[in-house]
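Engineer: Okay, so here is entry-v6.txt, and as you'll see once you scroll down, it has compact mmCIF, C-alpha atoms and all ligand atoms.
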```txt
# COMPACT_ATOMS: atom_id res chain seq x y z
CA MET A 33 373.31 -51.49 274.72
CA ARG A 34 372.74 -54.40 277.07
CA LYS A 35 375.23 -54.87 279.89
CA ILE A 36 376.99 -58.18 280.28
CA ILE A 37 380.00 -59.14 282.38
CA ASP A 38 381.92 -62.32 281.66
CA SER A 39 382.83 -63.20 285.24
CA HIS A 40 385.22 -66.08 284.57
CA LEU A 41 388.09 -66.10 282.03
CA HIS A 42 391.76 -67.05 282.03
CA ILE A 43 395.01 -66.11 280.37
CA SER A 44 396.82 -69.28 281.28
CA LYS A 45 399.26 -69.81 278.45
CA TRP A 46 401.91 -67.72 276.72
CA GLY A 47 401.20 -67.12 273.04
CA GLU A 48 403.29 -65.61 270.28
CA ASP A 49 400.96 -62.68 269.57
CA ASP A 50 400.14 -59.72 271.80
CA ILE A 51 398.81 -61.34 274.95
CA ILE A 52 397.55 -58.02 276.34
CA SER A 53 395.07 -57.68 273.44
CA CYS A 54 393.96 -61.30 273.57
CA PHE A 55 390.32 -60.58 274.46
CA ASP A 56 389.84 -57.39 272.41
CA ASN A 57 388.09 -59.21 269.54
CA TYR A 58 385.87 -61.15 271.91
CA LYS A 59 384.72 -58.00 273.71
CA ARG A 60 384.03 -56.21 270.46
CA GLU A 61 382.34 -59.06 268.56
CA LYS A 62 380.11 -60.16 271.41
CA ASN A 63 379.50 -56.74 272.98
CA VAL A 64 380.80 -57.84 276.36
CA SER A 65 380.94 -54.84 278.71
CA THR A 66 383.55 -56.07 281.17
CA LEU A 67 385.67 -59.13 281.92
CA ASN A 68 386.88 -60.79 285.10
CA ILE A 69 390.19 -62.53 284.45
CA CYS A 70 391.20 -65.16 286.97
CA ALA A 71 394.73 -66.37 287.66
CA ILE A 72 395.13 -70.15 287.83
CA PRO A 73 398.16 -72.33 288.58
CA LEU A 74 398.12 -74.30 285.32
CA ARG A 75 401.00 -74.05 282.83
CA MET A 76 402.50 -71.21 284.91
CA SER A 77 402.64 -70.52 288.65
CA ASN A 78 399.99 -68.43 290.36
CA VAL A 79 402.66 -65.76 290.91
CA ALA A 80 403.40 -65.54 287.17
CA ASN A 81 399.71 -65.49 286.32
CA ASN A 82 398.94 -62.87 289.00
CA ILE A 83 401.59 -60.56 287.56
CA LEU A 84 400.32 -61.14 284.03
CA VAL A 85 396.66 -60.38 284.82
CA ALA A 86 397.66 -57.31 286.85
CA LEU A 87 399.58 -56.02 283.81
CA TYR A 88 396.51 -56.79 281.67
CA LYS A 89 394.48 -54.62 284.06
CA LEU A 90 397.00 -51.78 283.80
CA ALA A 91 396.41 -51.83 280.04
CA HIS A 92 392.63 -52.34 280.43
CA PRO A 93 391.60 -50.63 283.69
CA ASP A 94 387.93 -51.54 283.20
CA THR A 95 388.78 -55.22 283.82
CA TYR A 96 388.21 -57.11 287.06
CA ILE A 97 390.92 -59.55 288.16
CA HIS A 98 391.03 -62.40 290.66
CA GLY A 99 394.42 -63.54 291.97
CA GLY A 100 395.70 -66.90 293.16
CA ILE A 101 397.59 -67.78 296.34
CA GLU A 102 400.97 -69.39 295.61
CA ILE A 103 400.90 -72.78 297.30
CA VAL A 104 403.00 -74.86 294.93
CA ASN A 105 406.29 -72.99 295.49
CA ILE A 106 405.24 -72.11 299.06
CA PRO A 107 403.69 -75.35 300.41
CA LEU A 108 400.77 -74.98 302.83
CA ASP A 109 402.51 -76.94 305.61
CA ASN A 110 405.51 -74.63 305.78
CA MET A 111 404.29 -71.16 304.96
CA PRO A 112 406.49 -68.44 306.51
CA ALA A 113 404.40 -65.73 308.19
CA ASP A 114 405.49 -63.08 305.71
CA MET A 115 404.28 -65.26 302.82
CA ASN A 116 401.37 -67.17 304.28
CA ALA A 117 398.00 -67.31 302.55
CA VAL A 118 396.62 -64.31 304.45
CA THR A 119 399.72 -62.20 303.79
CA GLN A 120 399.57 -63.06 300.08
CA TYR A 121 395.85 -62.27 299.99
CA LYS A 122 396.42 -58.84 301.60
CA GLU A 123 399.24 -58.13 299.16
CA LEU A 124 397.03 -59.00 296.19
CA MET A 125 394.25 -56.75 297.47
CA GLU A 126 396.75 -53.93 297.97
CA ILE A 127 397.82 -54.34 294.33
CA GLY A 128 394.20 -53.89 293.24
CA PHE A 129 392.84 -57.40 292.71
CA ASP A 130 389.06 -57.64 292.99
CA GLY A 131 388.93 -61.08 294.59
CA ILE A 132 390.67 -64.42 294.91
CA LYS A 133 390.43 -67.42 292.58
CA MET A 134 391.13 -70.95 293.74
CA LEU A 135 391.59 -73.95 291.48
CA GLU A 136 392.73 -76.10 294.38
CA GLY A 137 389.44 -78.02 294.40
CA LYS A 138 389.99 -79.33 290.86
CA PRO A 139 391.06 -82.94 291.46
CA ASN A 140 394.47 -82.75 289.73
CA VAL A 141 395.43 -79.51 291.51
CA HIS A 142 393.83 -80.76 294.74
CA LYS A 143 396.24 -83.70 294.61
CA ILE A 144 399.28 -81.45 294.11
CA VAL A 145 398.42 -79.25 297.09
CA GLY A 146 397.80 -82.12 299.49
CA LYS A 147 394.11 -82.95 299.02
CA ASN A 148 392.84 -80.70 301.78
CA LEU A 149 390.69 -77.62 301.20
CA ASN A 150 390.27 -77.29 304.97
CA HIS A 151 394.00 -77.03 305.72
CA PRO A 152 394.62 -74.62 308.65
CA SER A 153 396.58 -72.26 306.32
CA LEU A 154 393.56 -72.03 304.02
CA ASN A 155 391.11 -71.69 306.92
CA MET A 156 392.97 -68.54 307.97
CA LEU A 157 392.51 -67.22 304.45
CA TYR A 158 388.76 -67.96 304.35
CA LYS A 159 388.37 -66.30 307.77
CA ALA A 160 390.15 -63.12 306.65
CA MET A 161 388.12 -63.02 303.43
CA GLU A 162 384.85 -63.63 305.27
CA GLU A 163 385.65 -60.73 307.63
CA ASP A 164 386.55 -58.42 304.74
CA GLY A 165 383.63 -59.52 302.54
CA THR A 166 386.08 -60.33 299.72
CA HIS A 167 384.85 -62.49 296.86
CA LEU A 168 386.27 -66.01 296.43
CA LEU A 169 385.72 -67.80 293.11
CA MET A 170 386.48 -71.46 293.58
CA HIS A 171 386.66 -74.33 291.13
CA SER A 172 385.78 -77.34 293.22
CA ASN A 173 385.42 -80.86 291.80
CA ASP A 174 384.83 -81.86 288.17
CA PRO A 175 381.95 -83.73 286.44
CA ASP A 176 381.31 -86.99 288.32
CA GLU A 177 381.86 -89.05 285.14
CA PHE A 178 385.57 -88.09 285.20
CA TRP A 179 385.97 -90.69 287.98
CA ASP A 180 384.59 -93.41 285.69
CA THR A 181 386.57 -94.60 282.63
CA GLU A 182 383.38 -95.92 281.02
CA ARG A 183 381.54 -92.61 281.18
CA ALA A 184 384.37 -90.05 280.89
CA PRO A 185 384.31 -88.15 277.57
CA ASP A 186 387.28 -88.60 275.23
CA TRP A 187 388.40 -84.98 275.52
CA ALA A 188 388.64 -85.33 279.31
CA VAL A 189 390.65 -88.54 278.97
CA ASN A 190 392.98 -86.80 276.49
CA ALA A 191 393.42 -83.77 278.77
CA GLY A 192 394.46 -86.12 281.59
CA TRP A 193 391.35 -85.19 283.55
CA THR A 194 390.30 -88.65 284.64
CA TYR A 195 390.75 -89.66 288.23
CA THR A 196 390.51 -93.43 288.26
CA ASP A 197 393.99 -94.55 289.39
CA GLY A 198 393.32 -94.24 293.11
CA THR A 199 395.66 -91.27 293.71
CA PHE A 200 392.93 -88.62 293.57
CA SER A 201 390.31 -87.63 296.11
CA SER A 202 386.80 -88.74 295.24
CA TYR A 203 383.99 -86.48 294.01
CA GLU A 204 382.29 -86.93 297.40
CA GLU A 205 385.45 -86.07 299.37
CA ILE A 206 386.03 -82.83 297.49
CA GLN A 207 382.37 -81.92 297.71
CA GLY A 208 382.44 -82.58 301.47
CA GLN A 209 385.56 -80.44 301.99
CA THR A 210 383.96 -77.60 300.05
CA ILE A 211 380.78 -77.73 302.11
CA LYS A 212 382.94 -77.77 305.26
CA ILE A 213 384.41 -74.41 304.17
CA LEU A 214 380.87 -73.01 304.27
CA GLU A 215 380.08 -74.67 307.60
CA ASP A 216 383.17 -73.02 309.08
CA HIS A 217 382.70 -69.67 307.29
CA PRO A 218 378.96 -69.31 306.70
CA ASN A 219 379.11 -65.71 305.51
CA LEU A 220 381.97 -66.16 303.04
CA SER A 221 381.25 -64.50 299.68
CA LEU A 222 381.85 -67.72 297.75
CA THR A 223 381.06 -68.47 294.12
CA LEU A 224 381.46 -72.11 293.15
CA ALA A 225 382.36 -72.36 289.48
CA HIS A 226 380.60 -74.63 286.99
CA PHE A 227 377.42 -74.99 289.05
CA PHE A 228 379.51 -76.89 291.63
CA PHE A 229 379.10 -79.84 289.18
CA CYS A 230 375.64 -80.43 290.64
CA GLY A 231 373.59 -80.65 287.42
CA LYS A 232 372.34 -84.07 288.49
CA THR A 233 371.84 -83.10 292.15
CA PRO A 234 370.44 -79.56 292.20
CA GLU A 235 368.61 -80.28 295.47
CA LEU A 236 372.05 -80.19 297.11
CA LEU A 237 372.50 -76.63 295.84
CA GLU A 238 369.02 -75.69 297.02
CA GLY A 239 369.95 -76.89 300.52
CA LEU A 240 373.20 -74.90 300.50
CA PHE A 241 371.47 -71.75 299.21
CA SER A 242 369.01 -71.94 302.11
CA LEU A 243 371.86 -72.13 304.64
CA TYR A 244 374.45 -69.74 303.20
CA PRO A 245 373.29 -66.26 302.18
CA ASN A 246 376.48 -65.32 300.28
CA LEU A 247 376.84 -68.47 298.20
CA CYS A 248 376.50 -68.29 294.42
CA VAL A 249 377.38 -70.67 291.58
CA ASP A 250 378.54 -69.65 288.14
CA LEU A 251 377.16 -70.96 284.86
CA THR A 252 380.42 -71.64 283.03
CA PRO A 253 380.21 -75.05 281.32
CA GLY A 254 380.60 -77.95 282.55
CA GLY A 255 378.84 -79.22 279.36
CA GLU A 256 377.24 -81.96 281.43
CA MET A 257 375.16 -79.45 283.41
CA TYR A 258 373.70 -77.97 280.22
CA VAL A 259 372.57 -81.46 279.22
CA GLU A 260 370.82 -81.74 282.60
CA PHE A 261 369.21 -78.29 282.13
CA GLU A 262 367.83 -79.57 278.83
CA LYS A 263 366.62 -82.93 280.20
CA ASN A 264 364.87 -81.35 283.19
CA TYR A 265 363.84 -78.12 281.55
CA SER A 266 360.73 -77.32 283.59
CA TYR A 267 362.45 -78.07 286.90
CA TYR A 268 365.37 -75.88 285.90
CA LYS A 269 363.15 -73.09 284.63
CA ASP A 270 361.67 -72.86 288.14
CA PHE A 271 365.16 -73.18 289.64
CA PHE A 272 366.55 -70.28 287.59
CA ASN A 273 363.56 -68.12 288.47
CA LYS A 274 363.77 -68.95 292.15
CA TYR A 275 367.55 -68.59 292.49
CA SER A 276 368.30 -65.86 289.95
CA LYS A 277 370.17 -63.95 292.68
CA ARG A 278 372.54 -66.93 293.15
CA LEU A 279 373.61 -67.53 289.55
CA ILE A 280 376.42 -65.74 287.70
CA PHE A 281 377.17 -65.61 283.98
CA GLY A 282 380.62 -66.62 282.70
CA THR A 283 382.18 -68.59 279.86
CA ASP A 284 385.55 -69.87 281.17
CA ARG A 285 387.05 -68.63 277.92
CA ALA A 286 390.83 -68.98 277.94
CA TYR A 287 393.81 -67.61 276.09
CA LEU A 288 395.30 -69.50 274.29
CA GLY A 289 392.05 -71.17 273.39
CA ASP A 290 389.94 -71.98 270.38
CA GLU A 291 388.13 -68.72 269.50
CA LYS A 292 385.35 -70.51 267.61
CA TYR A 293 384.64 -72.80 270.52
CA GLY A 294 384.75 -69.82 272.90
CA ASN A 295 382.19 -67.97 270.77
CA TRP A 296 379.96 -71.03 270.60
CA ILE A 297 380.00 -71.30 274.42
CA PHE A 298 379.17 -67.60 274.73
CA ASP A 299 376.23 -67.97 272.33
CA LEU A 300 374.95 -71.10 274.04
CA VAL A 301 375.01 -69.63 277.56
CA THR A 302 373.63 -66.22 276.60
CA THR A 303 370.86 -67.72 274.44
CA PHE A 304 369.85 -69.91 277.37
CA ILE A 305 369.81 -67.07 279.91
CA ASP A 306 368.86 -64.10 277.80
CA THR A 307 366.22 -65.38 275.31
CA ASP A 308 363.27 -67.72 274.84
CA LYS A 309 364.91 -69.34 271.81
CA PRO A 310 366.38 -72.81 271.30
CA THR A 311 370.07 -73.45 270.72
CA LYS A 312 372.09 -76.63 270.13
CA SER A 313 373.62 -77.81 273.38
CA PHE A 314 376.52 -80.11 274.18
CA ASP A 315 374.57 -83.23 273.20
CA ASN A 316 373.56 -81.58 269.92
CA LYS A 317 369.94 -81.41 271.04
CA ASP A 318 367.92 -78.22 271.45
CA LEU A 319 368.20 -76.37 274.74
CA LEU A 320 365.38 -73.85 275.06
CA GLY A 321 366.02 -70.35 276.44
CA LEU A 322 364.63 -69.72 279.93
CA ASP A 323 362.50 -66.69 278.99
CA LEU A 324 363.37 -64.97 282.29
CA SER A 325 362.17 -61.49 283.21
CA GLN A 326 364.57 -58.66 282.38
CA ASP A 327 365.40 -58.14 286.08
CA LYS A 328 366.40 -61.76 286.50
CA ARG A 329 368.46 -61.74 283.31
CA ASN A 330 370.28 -58.65 284.55
CA ASP A 331 370.99 -60.27 287.92
CA ILE A 332 372.61 -63.25 286.21
CA LEU A 333 374.39 -61.33 283.43
CA PHE A 334 376.03 -58.72 285.68
CA GLY A 335 374.12 -57.67 288.84
CA ASN A 336 375.02 -60.55 291.13
CA PHE A 337 378.68 -60.21 290.16
CA THR A 338 378.94 -56.46 290.72
CA ARG A 339 377.10 -56.74 294.05
CA ARG A 340 379.88 -59.10 295.15
CA VAL A 341 382.96 -57.36 293.77
CA GLY A 342 381.91 -53.73 293.35
CA GLU A 343 380.35 -51.57 290.63
CA LYS A 344 383.80 -50.69 289.29
CA PRO A 345 387.06 -52.66 289.18
CA ARG A 346 389.67 -51.56 291.73
CA THR A 347 392.69 -49.56 290.57
CA ILE A 348 396.18 -51.06 290.27
CA ASN A 349 398.72 -49.74 292.75
CA ARG A 350 401.93 -49.81 290.70
CA GLU A 351 404.22 -49.58 293.70
CA ALA A 352 402.53 -52.57 295.38
CA LEU A 353 402.78 -54.55 292.14
CA ARG A 354 406.51 -53.77 291.83
CA LYS A 355 407.06 -54.92 295.41
CA TYR A 356 405.15 -58.15 294.73
CA ILE A 357 407.24 -58.89 291.63
CA ASP A 358 410.49 -58.41 293.57
CA LYS A 359 409.36 -60.44 296.55
CA TYR A 360 407.97 -63.45 294.68
CA SER A 361 410.28 -63.64 291.66
CA PHE A 362 411.67 -66.92 293.07
CA ALA A 363 408.36 -68.54 292.02
CA LEU A 364 408.91 -67.57 288.37
CA THR A 365 410.56 -69.88 285.86
CA GLU A 366 413.24 -68.41 283.60
CA TYR A 367 410.75 -68.69 280.74
CA ASP A 368 408.06 -66.75 282.66
CA LYS A 369 410.63 -64.08 283.53
CA GLU A 370 411.65 -63.72 279.91
CA LYS A 371 407.99 -63.45 278.80
CA LEU A 372 407.03 -61.00 281.57
CA LYS A 373 410.02 -58.70 281.17
CA PRO A 374 408.90 -56.71 278.10
CA LEU A 375 405.34 -56.49 279.44
CA ILE A 376 406.54 -55.13 282.77
CA LYS A 377 408.67 -52.59 280.91
CA LYS A 378 405.81 -51.52 278.68
CA TYR A 379 402.90 -51.40 281.13
CA LEU A 380 404.40 -50.92 284.59
ZN ZN A 401 387.96 -71.57 284.78
```
Once more with this new file: its structure as structure tokens, please.
Ligand SMILES: [Zn+2]
Structural biologist:
Amino acid sequence: MRKIIDSHLHISKWGEDDIISCFDNYKREKNVSTLNICAIPLRMSNVANNILVALYKLAHPDTYIHGGIEIVNIPLDNMPADMNAVTQYKELMEIGFDGIKMLEGKPNVHKIVGKNLNHPSLNMLYKAMEEDGTHLLMHSNDPDEFWDTERAPDWAVNAGWTYTDGTFSSYEEIQGQTIKILEDHPNLSLTLAHFFFCGKTPELLEGLFSLYPNLCVDLTPGGEMYVEFEKNYSYYKDFFNKYSKRLIFGTDRAYLGDEKYGNWIFDLVTTFIDTDKPTKSFDNKDLLGLDLSQDKRNDILFGNFTRRVGEKPRTINREALRKYIDKYSFALTEYDKEKLKPLIKKYL
């Protein structure tokens, strides 16, 4: 059976059904070998999501997990030493997380945390992670059309993901701050999600790849980038061949999410990477598979990811997880506490 790791998923919303089995069907139906579930501070705090994904891993020990640093309830400007970004990072690694996920470069979250990815508190975190060789998966920016009411797609407008009222950082500002992270920490094991939203400017990525040996991008849509892959097929065919060691498969599937849509994304991305066949893309036109060699497919589908985070997921340290829950319970809402309680009882 072919090996395939979905390197980028979320459980970001409480559902009524058994949340700990939420990806069982997906794994079975699509023959996905392993998942990497990433905590994000949307709809619940990073603390709540960290605890939830750690419990998921206790139930499914073959899963990778990436944790988030709590910077909404513990603002960057006033972090006490025993809860600063580095302390939290070390605690997460002690629990058995496989890396760190940041959503703080997504414009709406970026605004909440003070619009600065180069804040001294975060620089300390990048430095510690660079020294340890720990993987950082970062969502930075959004499609450039989200800053333009004329060009923004309806679904983005409806999700509140348009940034035209002057209170958000610009695409260029967030891009610049992200590149500054690499300038300051050139060996950081950094994966920029969604192709760093550079479908229209891949030469920028080529420049960064030449400077930073541990930089990758993931291939989670970002529908707009798949339209660019289709429009500039021969350029991108060369690009994927040349940079196959810098590209990582993922779907950004989320619970609660639309299963049908999630399966469609999986089929689109895998057909593109793993075949020479056409498939309907986001603009409803045919996107032709890249017809890569088996080695290059394997790099993208799992090899690049496991080289960054390890051949096997790390094991959960129950004692460290219990300590984390006690220490950070102030960052949980009553609702999160009520939802987590039976799961903690059952799995921890
Ligand atoms: Zn995501």
Engineer: Nearest to ligand ZN 401 (chain A): which of A:Glu162, A:Asp250, A:Glu291, A:Asp56 is it, counting all atoms listed in the file?
Structural biologist: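 The shortest atom-to-atom distance to ligand ZN 401 (chain A) comes from A:Asp250.
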Engineer: Can you work out which one of A:Met134, A:Leu108, A:Leu90, A:Val79 has the shortest atom-to-atom distance to ligand ZN 401 (chain A), counting all atoms listed in the file?
Structural biologist: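 Between A:Met134, A:Leu108, A:Leu90, A:Val79, the residue approaching ligand ZN 401 (chain A) most closely is A:Met134.
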Engineer: Within 7 Å of ligand ZN 401 (chain A), counting only C-alpha atoms and all ligand atoms: which residues, as a ChimeraX atom specification?
Structural biologist: /A:40-42,284
Engineer: Quick one: pull the distance between atom CA of Tyr244 of chain A and atom CA of Phe229 of chain A, Å, one decimal.
Structural biologist: 17.9 Å
Engineer: Could you jot down the atom CA of Tyr88 of chain A to atom CA of Leu279 of chain A separation for me, Å, one decimal place?
Structural biologist: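 Rounded to one decimal, the two atoms are 26.5 Å apart.
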Engineer: Can you measure atom CA of Gly321 of chain A to atom CA of Ile305 of chain A for me? One decimal in Å is fine.
Structural biologist: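 The value is 6.1 Å.
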Engineer: Show me, as a list in words, the residues that have an atom within 9 Å of Pro253 of chain A when counting all atoms listed in the file, minus same-chain residues fewer than 2 positions from it.
Structural biologist: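 Answer for this query is Ala225, His226, Phe227, Asp250, Leu251, Gly255, Glu256, Met257, Tyr258, Gly282, Thr283, Asp284, Ile297 and Val301 of chain A.
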Engineer: Tell me which of A:Thr365, A:Thr166, A:Asn316, A:Asn78 sits closest to Phe129 of chain A, counting only C-alpha atoms.
Structural biologist: A:Thr166
Engineer: Neighbouring residues of Asp197 of chain A were defined as those with any atom within 12 Å, considering only C-alpha atoms; residues of the same chain fewer than 2 positions away were excluded. Please report them as a list in words.
Structural biologist: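 Contacts, with the query itself left out: Asn140, Phe178, Trp179, Asp180, Thr181, Gly192, Trp193, Thr194, Tyr195, Thr199, Phe200, Ser201 and Ser202 of chain A.
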Engineer: Given only C-alpha atoms as the basis, pick out the residue of A:Ser44, A:Asn295, A:Ser39, A:Asn68 nearest to Ile83 of chain A.
Structural biologist: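 Among the listed residues, A:Ser44 lies closest to Ile83 of chain A.
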